[in-house]
$ cat run_27.txt   # compact mmCIF, N, CA and C atoms
# COMPACT_ATOMS: atom_id res chain seq x y z
N MET A 1 -18.81 -55.01 -20.16
CA MET A 1 -17.73 -54.36 -20.83
C MET A 1 -17.56 -52.96 -20.22
N ALA A 2 -16.33 -52.59 -19.85
CA ALA A 2 -16.07 -51.30 -19.24
C ALA A 2 -16.12 -50.21 -20.30
N SER A 3 -16.72 -49.10 -19.93
CA SER A 3 -16.81 -48.01 -20.90
C SER A 3 -15.53 -47.21 -20.86
N LYS A 4 -15.15 -46.70 -22.02
CA LYS A 4 -13.95 -45.87 -22.12
C LYS A 4 -14.25 -44.50 -21.53
N ALA A 5 -13.22 -43.90 -20.97
CA ALA A 5 -13.38 -42.55 -20.42
C ALA A 5 -13.63 -41.58 -21.56
N ASP A 6 -14.59 -40.71 -21.35
CA ASP A 6 -14.93 -39.70 -22.35
C ASP A 6 -13.92 -38.56 -22.25
N PRO A 7 -13.18 -38.26 -23.33
CA PRO A 7 -12.17 -37.19 -23.26
C PRO A 7 -12.77 -35.81 -22.99
N LYS A 8 -14.08 -35.67 -23.13
CA LYS A 8 -14.73 -34.39 -22.85
C LYS A 8 -15.09 -34.26 -21.38
N ASN A 9 -14.87 -35.32 -20.59
CA ASN A 9 -15.15 -35.31 -19.16
C ASN A 9 -13.86 -35.49 -18.39
N ASP A 10 -13.78 -34.91 -17.19
CA ASP A 10 -12.60 -35.12 -16.37
C ASP A 10 -12.78 -36.40 -15.55
N ALA A 11 -11.84 -36.67 -14.66
CA ALA A 11 -11.86 -37.91 -13.88
C ALA A 11 -13.11 -38.03 -13.03
N LYS A 12 -13.72 -36.93 -12.64
CA LYS A 12 -14.91 -36.95 -11.80
C LYS A 12 -16.19 -37.07 -12.64
N GLY A 13 -16.07 -37.04 -13.95
CA GLY A 13 -17.23 -37.10 -14.82
C GLY A 13 -17.80 -35.74 -15.15
N ASP A 14 -17.17 -34.68 -14.63
CA ASP A 14 -17.63 -33.32 -14.94
C ASP A 14 -17.17 -32.96 -16.35
N LYS A 15 -17.96 -32.15 -17.00
CA LYS A 15 -17.64 -31.72 -18.36
C LYS A 15 -16.40 -30.82 -18.35
N LYS A 16 -15.52 -31.03 -19.32
CA LYS A 16 -14.37 -30.16 -19.52
C LYS A 16 -14.76 -29.09 -20.52
N ASP A 17 -14.27 -27.91 -20.32
CA ASP A 17 -14.53 -26.84 -21.27
C ASP A 17 -13.23 -26.54 -22.00
N ALA A 18 -13.08 -27.12 -23.18
CA ALA A 18 -11.85 -26.99 -23.94
C ALA A 18 -11.55 -25.55 -24.31
N GLY A 19 -12.58 -24.74 -24.48
CA GLY A 19 -12.37 -23.35 -24.87
C GLY A 19 -12.40 -22.38 -23.70
N ALA A 20 -12.23 -22.91 -22.49
CA ALA A 20 -12.31 -22.05 -21.31
C ALA A 20 -11.21 -21.01 -21.33
N ILE A 21 -11.55 -19.84 -20.90
CA ILE A 21 -10.59 -18.75 -20.82
C ILE A 21 -9.88 -18.86 -19.48
N LYS A 22 -8.56 -18.83 -19.53
CA LYS A 22 -7.79 -18.93 -18.30
C LYS A 22 -7.70 -17.57 -17.65
N GLY A 23 -7.76 -17.56 -16.34
CA GLY A 23 -7.61 -16.33 -15.59
C GLY A 23 -6.17 -16.15 -15.16
N LEU A 24 -5.88 -15.04 -14.51
CA LEU A 24 -4.53 -14.74 -14.06
C LEU A 24 -4.01 -15.83 -13.13
N ASP A 25 -4.87 -16.38 -12.27
CA ASP A 25 -4.44 -17.41 -11.34
C ASP A 25 -4.10 -18.71 -12.05
N ASP A 26 -4.65 -18.94 -13.25
CA ASP A 26 -4.36 -20.14 -14.01
C ASP A 26 -3.05 -20.03 -14.77
N ASP A 27 -2.56 -18.84 -14.97
CA ASP A 27 -1.34 -18.60 -15.73
C ASP A 27 -0.14 -19.08 -14.94
N VAL A 28 0.70 -19.89 -15.57
CA VAL A 28 1.88 -20.42 -14.91
C VAL A 28 2.81 -19.30 -14.48
N SER A 29 2.90 -18.24 -15.26
CA SER A 29 3.80 -17.14 -14.94
C SER A 29 3.27 -16.22 -13.84
N ALA A 30 2.01 -16.41 -13.41
CA ALA A 30 1.40 -15.50 -12.43
C ALA A 30 2.15 -15.49 -11.10
N GLY A 31 2.74 -16.61 -10.71
CA GLY A 31 3.44 -16.67 -9.44
C GLY A 31 4.91 -16.29 -9.53
N LYS A 32 5.38 -16.05 -10.74
CA LYS A 32 6.78 -15.69 -10.93
C LYS A 32 7.03 -14.28 -10.44
N PRO A 33 8.25 -14.03 -9.99
CA PRO A 33 8.58 -12.67 -9.54
C PRO A 33 8.69 -11.71 -10.71
N LEU A 34 8.40 -10.46 -10.42
CA LEU A 34 8.50 -9.39 -11.40
C LEU A 34 9.30 -8.27 -10.76
N LYS A 35 10.28 -7.77 -11.48
CA LYS A 35 11.11 -6.69 -10.96
C LYS A 35 10.56 -5.36 -11.47
N LEU A 36 10.34 -4.42 -10.57
CA LEU A 36 9.92 -3.07 -10.92
C LEU A 36 11.10 -2.16 -10.62
N SER A 37 11.45 -1.29 -11.57
CA SER A 37 12.59 -0.40 -11.37
C SER A 37 12.16 1.05 -11.52
N SER A 38 12.66 1.88 -10.62
CA SER A 38 12.30 3.30 -10.58
C SER A 38 13.24 4.14 -11.43
N LYS A 39 12.92 5.42 -11.55
CA LYS A 39 13.75 6.32 -12.35
C LYS A 39 15.13 6.52 -11.76
N ASP A 40 15.26 6.32 -10.43
CA ASP A 40 16.58 6.44 -9.80
C ASP A 40 17.25 5.08 -9.62
N LYS A 41 16.80 4.10 -10.44
CA LYS A 41 17.42 2.77 -10.57
C LYS A 41 17.25 1.88 -9.34
N LYS A 42 16.30 2.19 -8.47
CA LYS A 42 16.00 1.29 -7.35
C LYS A 42 15.11 0.18 -7.88
N GLU A 43 15.35 -1.05 -7.42
CA GLU A 43 14.61 -2.20 -7.91
C GLU A 43 13.87 -2.89 -6.78
N PHE A 44 12.66 -3.34 -7.10
CA PHE A 44 11.81 -4.04 -6.13
C PHE A 44 11.23 -5.26 -6.82
N VAL A 45 11.15 -6.35 -6.07
CA VAL A 45 10.60 -7.59 -6.61
C VAL A 45 9.25 -7.85 -5.96
N VAL A 46 8.27 -8.18 -6.79
CA VAL A 46 6.91 -8.45 -6.33
C VAL A 46 6.38 -9.61 -7.16
N GLU A 47 5.45 -10.37 -6.59
CA GLU A 47 4.82 -11.43 -7.38
C GLU A 47 4.06 -10.79 -8.53
N ARG A 48 4.17 -11.38 -9.69
CA ARG A 48 3.53 -10.85 -10.89
C ARG A 48 2.04 -10.62 -10.68
N LYS A 49 1.34 -11.59 -10.10
CA LYS A 49 -0.11 -11.44 -9.93
C LYS A 49 -0.45 -10.32 -8.94
N HIS A 50 0.44 -10.03 -8.01
CA HIS A 50 0.21 -8.92 -7.07
C HIS A 50 0.39 -7.58 -7.79
N ALA A 51 1.34 -7.54 -8.73
CA ALA A 51 1.62 -6.30 -9.46
C ALA A 51 0.49 -5.92 -10.40
N PHE A 52 -0.37 -6.89 -10.75
CA PHE A 52 -1.45 -6.61 -11.69
C PHE A 52 -2.53 -5.72 -11.11
N ILE A 53 -2.43 -5.34 -9.85
CA ILE A 53 -3.36 -4.36 -9.29
C ILE A 53 -3.07 -2.99 -9.92
N SER A 54 -1.88 -2.84 -10.49
CA SER A 54 -1.49 -1.60 -11.16
C SER A 54 -1.83 -1.66 -12.64
N THR A 55 -2.62 -0.71 -13.11
CA THR A 55 -2.97 -0.64 -14.52
C THR A 55 -1.73 -0.41 -15.37
N LEU A 56 -0.79 0.38 -14.87
CA LEU A 56 0.44 0.65 -15.61
C LEU A 56 1.22 -0.64 -15.84
N VAL A 57 1.37 -1.44 -14.80
CA VAL A 57 2.10 -2.71 -14.93
C VAL A 57 1.33 -3.66 -15.85
N LYS A 58 0.04 -3.74 -15.65
CA LYS A 58 -0.79 -4.65 -16.45
C LYS A 58 -0.68 -4.31 -17.94
N THR A 59 -0.80 -3.05 -18.30
CA THR A 59 -0.71 -2.67 -19.71
C THR A 59 0.71 -2.83 -20.24
N SER A 60 1.70 -2.64 -19.40
CA SER A 60 3.09 -2.84 -19.83
C SER A 60 3.36 -4.30 -20.19
N LEU A 61 2.68 -5.21 -19.53
CA LEU A 61 2.91 -6.64 -19.75
C LEU A 61 1.97 -7.25 -20.79
N GLU A 62 1.00 -6.49 -21.27
CA GLU A 62 0.05 -7.03 -22.25
C GLU A 62 0.74 -7.54 -23.50
N ASN A 63 1.73 -6.83 -23.99
CA ASN A 63 2.42 -7.23 -25.21
C ASN A 63 3.60 -8.15 -24.97
N ASP A 64 4.05 -8.25 -23.72
CA ASP A 64 5.18 -9.11 -23.40
C ASP A 64 4.94 -9.77 -22.06
N ASP A 65 4.10 -10.81 -22.06
CA ASP A 65 3.74 -11.45 -20.81
C ASP A 65 4.87 -12.27 -20.20
N LYS A 66 5.99 -12.41 -20.90
CA LYS A 66 7.15 -13.13 -20.39
C LYS A 66 8.18 -12.19 -19.76
N ALA A 67 7.93 -10.89 -19.83
CA ALA A 67 8.88 -9.91 -19.29
C ALA A 67 9.12 -10.17 -17.80
N GLU A 68 10.34 -9.97 -17.39
CA GLU A 68 10.72 -10.18 -15.99
C GLU A 68 10.95 -8.87 -15.26
N GLU A 69 10.95 -7.76 -16.02
CA GLU A 69 11.18 -6.44 -15.41
C GLU A 69 10.30 -5.40 -16.10
N VAL A 70 9.76 -4.48 -15.30
CA VAL A 70 8.98 -3.37 -15.83
C VAL A 70 9.60 -2.08 -15.28
N PRO A 71 10.14 -1.25 -16.16
CA PRO A 71 10.65 0.05 -15.69
C PRO A 71 9.48 1.00 -15.43
N ILE A 72 9.57 1.72 -14.33
CA ILE A 72 8.57 2.73 -13.99
C ILE A 72 9.33 4.06 -13.95
N PRO A 73 9.58 4.66 -15.11
CA PRO A 73 10.50 5.79 -15.21
C PRO A 73 10.02 7.09 -14.57
N GLY A 74 8.75 7.24 -14.32
CA GLY A 74 8.25 8.49 -13.76
C GLY A 74 8.15 8.48 -12.25
N VAL A 75 8.71 7.47 -11.59
CA VAL A 75 8.52 7.31 -10.16
C VAL A 75 9.87 7.11 -9.46
N THR A 76 10.05 7.78 -8.33
CA THR A 76 11.27 7.60 -7.54
C THR A 76 11.21 6.28 -6.77
N GLY A 77 12.35 5.83 -6.31
CA GLY A 77 12.43 4.61 -5.52
C GLY A 77 11.60 4.68 -4.24
N ALA A 78 11.58 5.85 -3.61
CA ALA A 78 10.82 6.01 -2.36
C ALA A 78 9.32 5.80 -2.60
N ILE A 79 8.81 6.34 -3.69
CA ILE A 79 7.38 6.19 -4.01
C ILE A 79 7.10 4.77 -4.49
N LEU A 80 7.98 4.21 -5.30
CA LEU A 80 7.78 2.84 -5.79
C LEU A 80 7.77 1.85 -4.63
N GLU A 81 8.56 2.10 -3.62
CA GLU A 81 8.55 1.23 -2.43
C GLU A 81 7.17 1.23 -1.77
N LEU A 82 6.54 2.40 -1.68
CA LEU A 82 5.19 2.49 -1.12
C LEU A 82 4.19 1.71 -1.99
N VAL A 83 4.35 1.84 -3.30
CA VAL A 83 3.46 1.13 -4.24
C VAL A 83 3.64 -0.38 -4.09
N VAL A 84 4.87 -0.84 -3.99
CA VAL A 84 5.14 -2.27 -3.85
C VAL A 84 4.57 -2.80 -2.53
N ASN A 85 4.69 -2.04 -1.46
CA ASN A 85 4.08 -2.45 -0.18
C ASN A 85 2.57 -2.62 -0.32
N TYR A 86 1.95 -1.70 -1.04
CA TYR A 86 0.51 -1.77 -1.30
C TYR A 86 0.17 -3.02 -2.10
N MET A 87 0.95 -3.29 -3.14
CA MET A 87 0.73 -4.47 -3.97
C MET A 87 0.82 -5.76 -3.15
N LYS A 88 1.83 -5.82 -2.31
CA LYS A 88 2.04 -7.03 -1.49
C LYS A 88 0.91 -7.20 -0.47
N GLU A 89 0.43 -6.12 0.08
CA GLU A 89 -0.66 -6.21 1.06
C GLU A 89 -1.96 -6.68 0.40
N HIS A 90 -2.25 -6.16 -0.77
CA HIS A 90 -3.53 -6.46 -1.42
C HIS A 90 -3.50 -7.68 -2.33
N LYS A 91 -2.30 -8.19 -2.60
CA LYS A 91 -2.14 -9.43 -3.37
C LYS A 91 -2.89 -9.41 -4.70
N GLY A 92 -2.92 -8.25 -5.35
CA GLY A 92 -3.55 -8.14 -6.66
C GLY A 92 -5.05 -7.92 -6.65
N VAL A 93 -5.64 -7.80 -5.47
CA VAL A 93 -7.10 -7.62 -5.36
C VAL A 93 -7.38 -6.17 -4.97
N GLU A 94 -8.17 -5.50 -5.80
CA GLU A 94 -8.49 -4.11 -5.49
C GLU A 94 -9.43 -4.03 -4.30
N PRO A 95 -9.14 -3.12 -3.36
CA PRO A 95 -10.03 -2.95 -2.21
C PRO A 95 -11.31 -2.24 -2.62
N PRO A 96 -12.33 -2.30 -1.77
CA PRO A 96 -13.57 -1.59 -2.11
C PRO A 96 -13.33 -0.08 -2.16
N ILE A 97 -14.11 0.58 -2.99
CA ILE A 97 -13.99 2.04 -3.13
C ILE A 97 -14.52 2.72 -1.87
N ILE A 98 -13.79 3.73 -1.45
CA ILE A 98 -14.19 4.50 -0.26
C ILE A 98 -15.31 5.45 -0.65
N GLU A 99 -16.36 5.47 0.16
CA GLU A 99 -17.51 6.34 -0.12
C GLU A 99 -17.10 7.81 -0.13
N LYS A 100 -17.68 8.53 -1.04
CA LYS A 100 -17.43 9.97 -1.13
C LYS A 100 -18.76 10.70 -1.10
N PRO A 101 -18.84 11.87 -0.58
CA PRO A 101 -17.75 12.64 0.01
C PRO A 101 -17.29 12.00 1.33
N LEU A 102 -16.02 12.23 1.62
CA LEU A 102 -15.45 11.67 2.85
C LEU A 102 -16.12 12.29 4.07
N ARG A 103 -16.42 11.43 5.04
CA ARG A 103 -17.03 11.90 6.29
C ARG A 103 -16.00 12.48 7.25
N SER A 104 -14.71 12.18 6.98
CA SER A 104 -13.64 12.61 7.86
C SER A 104 -12.34 12.65 7.07
N LYS A 105 -11.38 13.45 7.55
CA LYS A 105 -10.05 13.46 6.96
C LYS A 105 -9.20 12.32 7.52
N VAL A 106 -9.65 11.71 8.59
CA VAL A 106 -8.95 10.59 9.21
C VAL A 106 -9.46 9.30 8.57
N MET A 107 -8.60 8.62 7.86
CA MET A 107 -9.02 7.47 7.07
C MET A 107 -9.58 6.31 7.90
N LYS A 108 -9.15 6.14 9.13
CA LYS A 108 -9.70 5.03 9.92
C LYS A 108 -11.19 5.23 10.19
N ASP A 109 -11.66 6.46 10.02
CA ASP A 109 -13.09 6.74 10.20
C ASP A 109 -13.91 6.42 8.94
N VAL A 110 -13.25 6.32 7.78
CA VAL A 110 -13.99 6.12 6.54
C VAL A 110 -13.58 4.89 5.74
N CYS A 111 -12.43 4.33 6.06
CA CYS A 111 -11.89 3.22 5.28
C CYS A 111 -12.24 1.88 5.94
N PRO A 112 -12.78 0.93 5.17
CA PRO A 112 -13.20 -0.34 5.77
C PRO A 112 -12.05 -1.23 6.25
N HIS A 113 -10.85 -1.08 5.71
CA HIS A 113 -9.71 -1.91 6.11
C HIS A 113 -8.70 -1.07 6.88
N MET A 114 -8.35 -1.53 8.07
CA MET A 114 -7.44 -0.77 8.93
C MET A 114 -6.06 -0.58 8.29
N TRP A 115 -5.57 -1.61 7.57
CA TRP A 115 -4.26 -1.47 6.93
C TRP A 115 -4.28 -0.31 5.95
N ASP A 116 -5.34 -0.23 5.14
CA ASP A 116 -5.46 0.86 4.17
C ASP A 116 -5.55 2.21 4.87
N ALA A 117 -6.32 2.26 5.93
CA ALA A 117 -6.49 3.52 6.66
C ALA A 117 -5.15 4.01 7.21
N ASP A 118 -4.39 3.10 7.85
CA ASP A 118 -3.08 3.47 8.38
C ASP A 118 -2.13 3.88 7.26
N TYR A 119 -2.16 3.13 6.17
CA TYR A 119 -1.30 3.39 5.01
C TYR A 119 -1.57 4.79 4.44
N ILE A 120 -2.83 5.12 4.26
CA ILE A 120 -3.19 6.42 3.69
C ILE A 120 -2.85 7.55 4.66
N ASP A 121 -3.20 7.37 5.94
CA ASP A 121 -2.92 8.41 6.93
C ASP A 121 -1.42 8.67 7.04
N LYS A 122 -0.61 7.61 7.07
CA LYS A 122 0.83 7.77 7.22
C LYS A 122 1.47 8.26 5.92
N ASN A 123 1.16 7.59 4.83
CA ASN A 123 1.86 7.87 3.58
C ASN A 123 1.33 9.08 2.83
N GLY A 124 0.16 9.51 3.12
CA GLY A 124 -0.35 10.73 2.49
C GLY A 124 0.55 11.90 2.82
N ARG A 125 1.01 11.95 4.06
CA ARG A 125 1.93 13.01 4.47
C ARG A 125 3.32 12.76 3.90
N ASP A 126 3.83 11.54 4.05
CA ASP A 126 5.20 11.20 3.61
C ASP A 126 5.34 11.29 2.11
N ALA A 127 4.34 10.81 1.36
CA ALA A 127 4.43 10.79 -0.10
C ALA A 127 4.45 12.19 -0.68
N SER A 128 3.68 13.09 -0.10
CA SER A 128 3.66 14.45 -0.65
C SER A 128 5.04 15.10 -0.51
N ALA A 129 5.76 14.77 0.54
CA ALA A 129 7.12 15.30 0.71
C ALA A 129 8.08 14.64 -0.27
N ALA A 130 7.89 13.35 -0.54
CA ALA A 130 8.78 12.61 -1.44
C ALA A 130 8.58 13.01 -2.90
N VAL A 131 7.40 13.49 -3.24
CA VAL A 131 7.11 13.86 -4.63
C VAL A 131 7.74 15.19 -5.00
N ARG A 132 7.92 16.06 -4.03
CA ARG A 132 8.52 17.38 -4.31
C ARG A 132 9.93 17.20 -4.85
N PRO A 133 10.31 17.99 -5.87
CA PRO A 133 11.67 17.87 -6.46
C PRO A 133 12.76 18.33 -5.52
$ encode --input "run_27.txt" --output "structure tokens"
Amino acid sequence: MASKADPKNDAKGDKKDAGAIKGLDDDVSAGKPLKLSSKDKKEFVVERKHAFISTLVKTSLENDDKAEEVPIPGVTGAILELVVNYMKEHKGVEPPIIEKPLRSKVMKDVCPHMWDADYIDKNGRDASAAVRP
């Protein structure tokens, strides 16, 4: 007589955890686009899971996980564009912390990822000019 499949086991016979907590990657909405809008009404689209590298975005979506747009009112479009580029490069994964004190002012000498080093070296100068009123 064939035994019935146990509903507590999956097709491979592994135990299912009915109370398992789903992560961001398990969320159906994680791959959906999210629109970020700046104070000067510039809009940028990024994958929701990539945007979660930002604490501001993450906390903004805690109460409304179905939201399709997050306004970032304290940031200009030029700065938000830099932030979105960072989000897209890192795909929601925080890079390792850079050791301090810094051994050099040149980031390629202290930063483990070349993209980050170039980004900081280039945008550190550009961003400070864009922040000025």
$ residues_around --input "run_27.txt" --residues "Ser37 (chain A)" --least-positions-apart "6" --cutoff "5 Å" --atoms "only N, CA and C atoms" --output "list of chain:residue names"
A:Glu43, A:Val70, A:Pro71, A:Ile72
$ atom_distance --input "run_27.txt" --atom1 "atom C of Pro33 (chain A)" --atom2 "CA of Val45 (chain A)"
6.1 Å
$ residues_around --input "run_27.txt" --residues "Lys88 (chain A)" --least-positions-apart "4" --cutoff "8 Å" --atoms "only N, CA and C atoms" --output "VMD selection string"
chain A and resid 46 to 47 50 to 51 82 to 84 92
$ write_last_selection --input "run_27.txt" --atoms "N, CA and C atoms" --output "compact mmCIF listing (two decimals), in the frame of the given file"
# COMPACT_ATOMS: atom_id res chain seq x y z
N VAL A 46 8.27 -8.18 -6.79
CA VAL A 46 6.91 -8.45 -6.33
C VAL A 46 6.38 -9.61 -7.16
N GLU A 47 5.45 -10.37 -6.59
CA GLU A 47 4.82 -11.43 -7.38
C GLU A 47 4.06 -10.79 -8.53
N HIS A 50 0.44 -10.03 -8.01
CA HIS A 50 0.21 -8.92 -7.07
C HIS A 50 0.39 -7.58 -7.79
N ALA A 51 1.34 -7.54 -8.73
CA ALA A 51 1.62 -6.30 -9.46
C ALA A 51 0.49 -5.92 -10.40
N LEU A 82 6.54 2.40 -1.68
CA LEU A 82 5.19 2.49 -1.12
C LEU A 82 4.19 1.71 -1.99
N VAL A 83 4.35 1.84 -3.30
CA VAL A 83 3.46 1.13 -4.24
C VAL A 83 3.64 -0.38 -4.09
N VAL A 84 4.87 -0.84 -3.99
CA VAL A 84 5.14 -2.27 -3.85
C VAL A 84 4.57 -2.80 -2.53
N GLY A 92 -2.92 -8.25 -5.35
CA GLY A 92 -3.55 -8.14 -6.66
C GLY A 92 -5.05 -7.92 -6.65
$ closest_residue --input "run_27.txt" --among "A:Lys39, A:Lys49, A:Lys108, A:His113" --to "His90 (chain A)" --atoms "all atoms listed in the file"
A:Lys49
$ closest_residue --input "run_27.txt" --among "A:Thr59, A:Ile97, A:Phe52, A:Ala78" --to "Val110 (chain A)" --atoms "only N, CA and C atoms"
A:Ile97
$ residues_around --input "run_27.txt" --residues "region 116-124 of chain A" --least-positions-apart "4" --cutoff "12 Å" --atoms "only C-alpha atoms" --output "mmCIF file with N, CA and C atoms, in the frame of the given file"
data_model
loop_
_atom_site.group_PDB
_atom_site.id
_atom_site.type_symbol
_atom_site.label_atom_id
_atom_site.label_comp_id
_atom_site.auth_asym_id
_atom_site.auth_seq_id
_atom_site.Cartn_x
_atom_site.Cartn_y
_atom_site.Cartn_z
ATOM 1 N N ALA A 78 11.580 5.850 -3.610
ATOM 2 C CA ALA A 78 10.820 6.010 -2.360
ATOM 3 C C ALA A 78 9.320 5.800 -2.600
ATOM 4 N N ILE A 79 8.810 6.340 -3.690
ATOM 5 C CA ILE A 79 7.380 6.190 -4.010
ATOM 6 C C ILE A 79 7.100 4.770 -4.490
ATOM 7 N N GLU A 81 8.560 2.100 -3.620
ATOM 8 C CA GLU A 81 8.550 1.230 -2.430
ATOM 9 C C GLU A 81 7.170 1.230 -1.770
ATOM 10 N N LEU A 82 6.540 2.400 -1.680
ATOM 11 C CA LEU A 82 5.190 2.490 -1.120
ATOM 12 C C LEU A 82 4.190 1.710 -1.990
ATOM 13 N N VAL A 83 4.350 1.840 -3.300
ATOM 14 C CA VAL A 83 3.460 1.130 -4.240
ATOM 15 C C VAL A 83 3.640 -0.380 -4.090
ATOM 16 N N ASN A 85 4.690 -2.040 -1.460
ATOM 17 C CA ASN A 85 4.080 -2.450 -0.180
ATOM 18 C C ASN A 85 2.570 -2.620 -0.320
ATOM 19 N N TYR A 86 1.950 -1.700 -1.040
ATOM 20 C CA TYR A 86 0.510 -1.770 -1.300
ATOM 21 C C TYR A 86 0.170 -3.020 -2.100
ATOM 22 N N MET A 87 0.950 -3.290 -3.140
ATOM 23 C CA MET A 87 0.730 -4.470 -3.970
ATOM 24 C C MET A 87 0.820 -5.760 -3.150
ATOM 25 N N GLU A 89 0.430 -6.120 0.080
ATOM 26 C CA GLU A 89 -0.660 -6.210 1.060
ATOM 27 C C GLU A 89 -1.960 -6.680 0.400
ATOM 28 N N HIS A 90 -2.250 -6.160 -0.770
ATOM 29 C CA HIS A 90 -3.530 -6.460 -1.420
ATOM 30 C C HIS A 90 -3.500 -7.680 -2.330
ATOM 31 N N GLU A 94 -8.170 -5.500 -5.800
ATOM 32 C CA GLU A 94 -8.490 -4.110 -5.490
ATOM 33 C C GLU A 94 -9.430 -4.030 -4.300
ATOM 34 N N PRO A 95 -9.140 -3.120 -3.360
ATOM 35 C CA PRO A 95 -10.030 -2.950 -2.210
ATOM 36 C C PRO A 95 -11.310 -2.240 -2.620
ATOM 37 N N PRO A 96 -12.330 -2.300 -1.770
ATOM 38 C CA PRO A 96 -13.570 -1.590 -2.110
ATOM 39 C C PRO A 96 -13.330 -0.080 -2.160
ATOM 40 N N ILE A 97 -14.110 0.580 -2.990
ATOM 41 C CA ILE A 97 -13.990 2.040 -3.130
ATOM 42 C C ILE A 97 -14.520 2.720 -1.870
ATOM 43 N N ILE A 98 -13.790 3.730 -1.450
ATOM 44 C CA ILE A 98 -14.190 4.500 -0.260
ATOM 45 C C ILE A 98 -15.310 5.450 -0.650
ATOM 46 N N SER A 104 -14.710 12.180 6.980
ATOM 47 C CA SER A 104 -13.640 12.610 7.860
ATOM 48 C C SER A 104 -12.340 12.650 7.070
ATOM 49 N N LYS A 105 -11.380 13.450 7.550
ATOM 50 C CA LYS A 105 -10.050 13.460 6.960
ATOM 51 C C LYS A 105 -9.200 12.320 7.520
ATOM 52 N N VAL A 106 -9.650 11.710 8.590
ATOM 53 C CA VAL A 106 -8.950 10.590 9.210
ATOM 54 C C VAL A 106 -9.460 9.300 8.570
ATOM 55 N N MET A 107 -8.600 8.620 7.860
ATOM 56 C CA MET A 107 -9.020 7.470 7.070
ATOM 57 C C MET A 107 -9.580 6.310 7.900
ATOM 58 N N LYS A 108 -9.150 6.140 9.130
ATOM 59 C CA LYS A 108 -9.700 5.030 9.920
ATOM 60 C C LYS A 108 -11.190 5.230 10.190
ATOM 61 N N ASP A 109 -11.660 6.460 10.020
ATOM 62 C CA ASP A 109 -13.090 6.740 10.200
ATOM 63 C C ASP A 109 -13.910 6.420 8.940
ATOM 64 N N VAL A 110 -13.250 6.320 7.780
ATOM 65 C CA VAL A 110 -13.990 6.120 6.540
ATOM 66 C C VAL A 110 -13.580 4.890 5.740
ATOM 67 N N CYS A 111 -12.430 4.330 6.060
ATOM 68 C CA CYS A 111 -11.890 3.220 5.280
ATOM 69 C C CYS A 111 -12.240 1.880 5.940
ATOM 70 N N PRO A 112 -12.780 0.930 5.170
ATOM 71 C CA PRO A 112 -13.200 -0.340 5.770
ATOM 72 C C PRO A 112 -12.050 -1.230 6.250
ATOM 73 N N SER A 128 3.680 13.090 -0.100
ATOM 74 C CA SER A 128 3.660 14.450 -0.650
ATOM 75 C C SER A 128 5.040 15.100 -0.510
ATOM 76 N N ALA A 129 5.760 14.770 0.540
ATOM 77 C CA ALA A 129 7.120 15.300 0.710
ATOM 78 C C ALA A 129 8.080 14.640 -0.270
ATOM 79 N N ALA A 130 7.890 13.350 -0.540
ATOM 80 C CA ALA A 130 8.780 12.610 -1.440
ATOM 81 C C ALA A 130 8.580 13.010 -2.900
ATOM 82 N N VAL A 131 7.400 13.490 -3.240
ATOM 83 C CA VAL A 131 7.110 13.860 -4.630
ATOM 84 C C VAL A 131 7.740 15.190 -5.000
#
$ closest_residue --input "run_27.txt" --among "A:Lys32, A:Lys58, A:Arg48, A:Asp40" --to "Gly74 (chain A)" --atoms "only N, CA and C atoms"
A:Asp40
$ atom_distance --input "run_27.txt" --atom1 "atom C of Trp115 (chain A)" --atom2 "atom N of Val93 (chain A)"
13.7 Å
$ atom_distance --input "run_27.txt" --atom1 "atom N of Ser54 (chain A)" --atom2 "atom N of Lys91 (chain A)"
9.5 Å
